[in-house]
Number of protein chains: 2
Amino acid sequence: MSEHTDAGRRPRTPRNTLSADLILDTALRLLDERGLDAFSMRALAEELGVGTMALYTYFRSKEELFCAARDRVFGSYAPPPLTAAPWHRQLREACLGLYQLFTGRPSVLQLLAEQHRAERPPEQGPAVGAVTTMEHMLSLMRGAGIGRQQAARAQTTLIQYTVGAALRAGRTPCGDAEQRRRFQARLESLSAEDFPLIVDLAPELAAAQESTAQYAFGLDLILAGLRTAGSWEAAGRDDGAPPAQSD
Amino acid sequence: MSEHTDAGRRPRTPRNTLSADLILDTALRLLDERGLDAFSMRALAEELGVGTMALYTYFRSKEELFCAARDRVFGSYAPPPLTAAPWHRQLREACLGLYQLFTGRPSVLQLLAEQHRAERPPEQGPAVGAVTTMEHMLSLMRGAGIGRQQAARAQTTLIQYTVGAALRAGRTPCGDAEQRRRFQARLESLSAEDFPLIVDLAPELAAAQESTAQYAFGLDLILAGLRTAGSWEAAGRDDGAPPAQSD
DNA sequence: ACCTGAACACCGTTCAAGT
DNA sequence: ACCTGAACACCGTTCAAGT
């Protein structure tokens, strides 16, 4: 050994090489590679070759570090540029872009899930970098003549659905056929007397677990609903779907 | 003291009073009262007045206990009975019932979120008790003449949206007006030049955070889309929403 | 079978101290 | 300001032992 007294392997990062950016990038890489459950402040510090407490010079807590990491990824995303295509087409592309951002980076998805279930900690609201996409979606809907309240509610619905679908898709990396087959087998093992339709539709239900096509299907339902919704405003309500107002 | 040598307060549950049911009920109560973050096997054991390891006689791990607790709640739920109302009305009621089940019991919501983000652990699939509701929804759609694949995909969309919306709603107990006002303030503090629509629609966007009305709005969009979807099958596709098939 | 207590290998974070 | 090591108050779970 050319080095003396190094028990493990830690004399890296001499003294001033640490930075918030380096910490965040390493954290995101660790999250992508090993998953949220394997992540810890101690493991991150070891990966960086510093003492655990060095991290607390840059972030007050693990929670704060996670928020910053999430914002870092969102900030690097931009919605597709405006084109001459019809508004619902462009809205579709924007949502698909968001969905791919989520499903393409497992780490972000896990951070979203984590913050989904925790109480709002500080003053953090929606992901900072997401506002550009929000503005883009709103401009498409307002430009199409959709009313103020409808546009706001539709925007919230689309975001909610996209995040929800991405979270669900997170479990199976891409199109895990093996897992779908087991799912189908479980459905088919149910009592055909009590659940005739589930048993009958087991192949279709299993196929619907595939993520991107399924997401696009639901997205298209929402967009189709939104397009017909325009007529309600002028034409007196259909029985199906007046936007409720009560609190 | 009539008792001798009791340091804390633990001589309860003499010897054979423990059971899986008692453990699950206590766990759900603890989850509802103190939240998932405050829950631990040690805390649950203390609440029951037994040693921590007593729990491991009934459940192999915390994960297994959580699955059982989730199934216990789902099992106690039944969808509204079939009526003469139009199918989309009944489908709406079924979804609203599910949504209220989720948002009404914070504990279940937290368990769902937890299992949402973890890798599928054993052979557990969809919540066991939920199959009755699934069957109910499928029968409504198939009865309305919706095709096999469309019904399967629509069913998945509705469940996905309902869970996603409930998860989001979980943060604010019911209609926390104070929180919405702060959300609105944050939106209004954005640059009016870069994000004119967000700033302009801040009141509407904040109002859309209210949970039940917002959920119903998105649900109605999906149902409206589903009703128009029927025409595509017979009539050659519109440009908006062919159910994708590729893998 | 049902339950216990000590122990193991972890956490996030505080705190006093070093440079 | 930037970083460290020891310590505190926790985890879930294993294991050998008791009834």
# chains A, B, ... in the order shown; residues from 1 in each chain; ligands from 1

$ interface_residues --of "chain D" --to "chain B" --cutoff "9 Å" --atoms "only C-alpha atoms (C1' of nucleotides)" --output "MDAnalysis selection string"
chainID D and resid 11:13

$ interface_residues --of "chain B" --to "chain A" --cutoff "6 Å" --atoms "only C-alpha atoms" --output "PDB file with C-alpha atoms, in the first residue's frame"
ATOM      1  CA  GLU B 119     -41.622  -2.952  -5.825  1.00  0.00           C
ATOM      2  CA  GLU B 135     -66.817  -6.685 -11.581  1.00  0.00           C
ATOM      3  CA  GLN B 149     -60.712  -4.049 -24.862  1.00  0.00           C
ATOM      4  CA  ALA B 152     -60.777  -3.212 -19.823  1.00  0.00           C
ATOM      5  CA  ARG B 153     -58.818  -0.074 -20.621  1.00  0.00           C
ATOM      6  CA  THR B 157     -58.194   4.343 -16.396  1.00  0.00           C
ATOM      7  CA  TYR B 161     -57.481   8.222 -11.885  1.00  0.00           C
ATOM      8  CA  GLY B 164     -54.244   9.174  -8.149  1.00  0.00           C
ATOM      9  CA  ARG B 171     -52.516  15.983   1.942  1.00  0.00           C
ATOM     10  CA  PHE B 195     -46.531  33.055 -17.021  1.00  0.00           C
ATOM     11  CA  ILE B 198     -51.044  31.078 -14.530  1.00  0.00           C
ATOM     12  CA  GLU B 204     -59.404  29.277 -10.475  1.00  0.00           C
ATOM     13  CA  LEU B 205     -56.350  27.050 -10.164  1.00  0.00           C
ATOM     14  CA  ALA B 208     -59.465  23.528  -8.341  1.00  0.00           C
ATOM     15  CA  ALA B 213     -65.550  18.751  -6.829  1.00  0.00           C
ATOM     16  CA  PHE B 217     -64.952  17.139 -12.771  1.00  0.00           C
ATOM     17  CA  GLY B 218     -62.186  14.862 -14.035  1.00  0.00           C
ATOM     18  CA  ASP B 220     -67.056  13.428 -15.745  1.00  0.00           C
ATOM     19  CA  LEU B 221     -64.524  14.216 -18.450  1.00  0.00           C
ATOM     20  CA  ILE B 222     -63.523  10.553 -18.575  1.00  0.00           C
ATOM     21  CA  ALA B 224     -68.042  11.885 -21.329  1.00  0.00           C
ATOM     22  CA  GLY B 225     -65.120  10.635 -23.379  1.00  0.00           C
ATOM     23  CA  ALA B 241     -58.461   9.258 -29.840  1.00  0.00           C
ATOM     24  CA  PRO B 243     -57.296   3.354 -28.652  1.00  0.00           C
ATOM     25  CA  ALA B 244     -53.671   2.517 -29.311  1.00  0.00           C
TER      26      ALA B 244
END

$ residues_around --residues "D:DC15" --least-positions-apart "3" --cutoff "12 Å" --atoms "only C-alpha atoms (C1' of nucleotides)" --output "JSON, numbers by chain"
{"B": [53], "C": [4, 5, 6, 7, 8]}

$ write_last_selection --atoms "all heavy atoms" --output "compact mmCIF listing (two decimals), in the first residue's frame"
# COMPACT_ATOMS: atom_id res chain seq x y z
N MET B 53 -41.75 -8.66 19.35
CA MET B 53 -41.64 -9.87 18.54
C MET B 53 -42.90 -10.72 18.53
O MET B 53 -43.04 -11.62 17.71
CB MET B 53 -40.44 -10.69 19.01
CG MET B 53 -39.13 -9.97 18.81
SD MET B 53 -39.05 -9.12 17.23
CE MET B 53 -39.16 -10.49 16.12
P DT C 4 -44.87 -10.85 24.97
OP1 DT C 4 -45.39 -10.07 26.11
OP2 DT C 4 -44.86 -10.27 23.62
O5' DT C 4 -43.40 -11.31 25.33
C5' DT C 4 -43.10 -11.89 26.59
C4' DT C 4 -41.61 -12.12 26.71
O4' DT C 4 -41.21 -12.99 25.64
C3' DT C 4 -40.79 -10.84 26.55
O3' DT C 4 -40.22 -10.50 27.80
C2' DT C 4 -39.73 -11.18 25.49
C1' DT C 4 -39.87 -12.67 25.31
N1 DT C 4 -39.67 -13.14 23.91
C2 DT C 4 -38.51 -13.79 23.57
O2 DT C 4 -37.61 -13.99 24.35
N3 DT C 4 -38.44 -14.19 22.27
C4 DT C 4 -39.41 -14.03 21.28
O4 DT C 4 -39.24 -14.44 20.14
C5 DT C 4 -40.59 -13.34 21.70
C7 DT C 4 -41.72 -13.10 20.72
C6 DT C 4 -40.69 -12.93 22.98
P DG C 5 -39.70 -9.06 28.12
OP1 DG C 5 -39.87 -8.85 29.57
OP2 DG C 5 -40.29 -8.13 27.14
O5' DG C 5 -38.15 -9.21 27.81
C5' DG C 5 -37.46 -10.36 28.28
C4' DG C 5 -36.00 -10.27 27.90
O4' DG C 5 -35.81 -10.88 26.60
C3' DG C 5 -35.45 -8.85 27.80
O3' DG C 5 -34.17 -8.83 28.44
C2' DG C 5 -35.38 -8.57 26.28
C1' DG C 5 -35.24 -9.97 25.68
N9 DG C 5 -35.93 -10.15 24.41
C8 DG C 5 -37.09 -9.54 24.01
N7 DG C 5 -37.49 -9.91 22.81
C5 DG C 5 -36.53 -10.82 22.41
C6 DG C 5 -36.43 -11.56 21.20
O6 DG C 5 -37.18 -11.56 20.23
N1 DG C 5 -35.30 -12.38 21.19
C2 DG C 5 -34.40 -12.47 22.21
N2 DG C 5 -33.39 -13.31 22.02
N3 DG C 5 -34.47 -11.78 23.34
C4 DG C 5 -35.57 -10.98 23.37
P DA C 6 -33.19 -7.59 28.34
OP1 DA C 6 -32.55 -7.50 29.66
OP2 DA C 6 -33.91 -6.43 27.78
O5' DA C 6 -32.11 -8.10 27.28
C5' DA C 6 -31.62 -9.43 27.37
C4' DA C 6 -30.66 -9.74 26.22
O4' DA C 6 -31.41 -10.02 25.01
C3' DA C 6 -29.69 -8.60 25.87
O3' DA C 6 -28.43 -9.15 25.55
C2' DA C 6 -30.36 -7.95 24.65
C1' DA C 6 -30.95 -9.17 23.96
N9 DA C 6 -32.10 -8.88 23.10
C8 DA C 6 -33.14 -8.05 23.37
N7 DA C 6 -34.03 -7.98 22.40
C5 DA C 6 -33.54 -8.83 21.44
C6 DA C 6 -34.02 -9.21 20.16
N6 DA C 6 -35.16 -8.74 19.63
N1 DA C 6 -33.27 -10.08 19.45
C2 DA C 6 -32.14 -10.54 19.98
N3 DA C 6 -31.59 -10.27 21.17
C4 DA C 6 -32.35 -9.39 21.85
P DA C 7 -27.19 -8.20 25.12
OP1 DA C 7 -25.98 -8.86 25.69
OP2 DA C 7 -27.52 -6.79 25.45
O5' DA C 7 -27.13 -8.34 23.53
C5' DA C 7 -27.15 -9.64 22.97
C4' DA C 7 -27.24 -9.53 21.45
O4' DA C 7 -28.60 -9.19 21.07
C3' DA C 7 -26.33 -8.46 20.84
O3' DA C 7 -25.56 -9.03 19.82
C2' DA C 7 -27.31 -7.42 20.31
C1' DA C 7 -28.55 -8.25 20.02
N9 DA C 7 -29.81 -7.50 20.03
C8 DA C 7 -30.27 -6.63 20.99
N7 DA C 7 -31.44 -6.11 20.73
C5 DA C 7 -31.78 -6.67 19.51
C6 DA C 7 -32.91 -6.51 18.68
N6 DA C 7 -33.94 -5.72 18.99
N1 DA C 7 -32.94 -7.21 17.53
C2 DA C 7 -31.91 -8.01 17.24
N3 DA C 7 -30.78 -8.23 17.93
C4 DA C 7 -30.80 -7.52 19.06
P DC C 8 -24.41 -8.16 19.07
OP1 DC C 8 -23.22 -9.02 18.94
OP2 DC C 8 -24.32 -6.85 19.74
O5' DC C 8 -25.02 -7.94 17.62
C5' DC C 8 -25.47 -9.09 16.88
C4' DC C 8 -26.01 -8.62 15.54
O4' DC C 8 -27.34 -8.09 15.72
C3' DC C 8 -25.18 -7.51 14.91
O3' DC C 8 -24.96 -7.80 13.54
C2' DC C 8 -26.03 -6.27 15.08
C1' DC C 8 -27.44 -6.83 15.08
N1 DC C 8 -28.42 -6.01 15.83
C2 DC C 8 -29.68 -5.76 15.26
O2 DC C 8 -29.94 -6.24 14.15
N3 DC C 8 -30.57 -5.02 15.94
C4 DC C 8 -30.25 -4.51 17.15
N4 DC C 8 -31.16 -3.78 17.78
C5 DC C 8 -28.97 -4.75 17.73
C6 DC C 8 -28.10 -5.50 17.05

$ decode --residues "stretch 128-142 of chain B" --atoms "C-alpha atoms" --output "short mmCIF file (atom, residue, chain, number, x, y, z; two decimals), in the first residue's frame"
data_model
loop_
_atom_site.label_atom_id
_atom_site.label_comp_id
_atom_site.auth_asym_id
_atom_site.auth_seq_id
_atom_site.Cartn_x
_atom_site.Cartn_y
_atom_site.Cartn_z
CA VAL B 128 -58.41 -8.57 -2.89
CA GLY B 129 -61.60 -6.88 -1.74
CA ALA B 130 -61.64 -4.58 -4.74
CA VAL B 131 -62.63 -7.28 -7.22
CA THR B 132 -66.33 -6.89 -6.46
CA THR B 133 -66.18 -3.25 -7.47
CA MET B 134 -64.18 -4.17 -10.56
CA GLU B 135 -66.82 -6.69 -11.58
CA HIS B 136 -69.54 -4.13 -10.97
CA MET B 137 -67.87 -1.52 -13.15
CA LEU B 138 -67.15 -3.97 -15.93
CA SER B 139 -70.73 -5.19 -15.99
CA LEU B 140 -72.00 -1.63 -16.36
CA MET B 141 -69.71 -0.97 -19.29
CA ARG B 142 -70.21 -4.26 -21.05
#
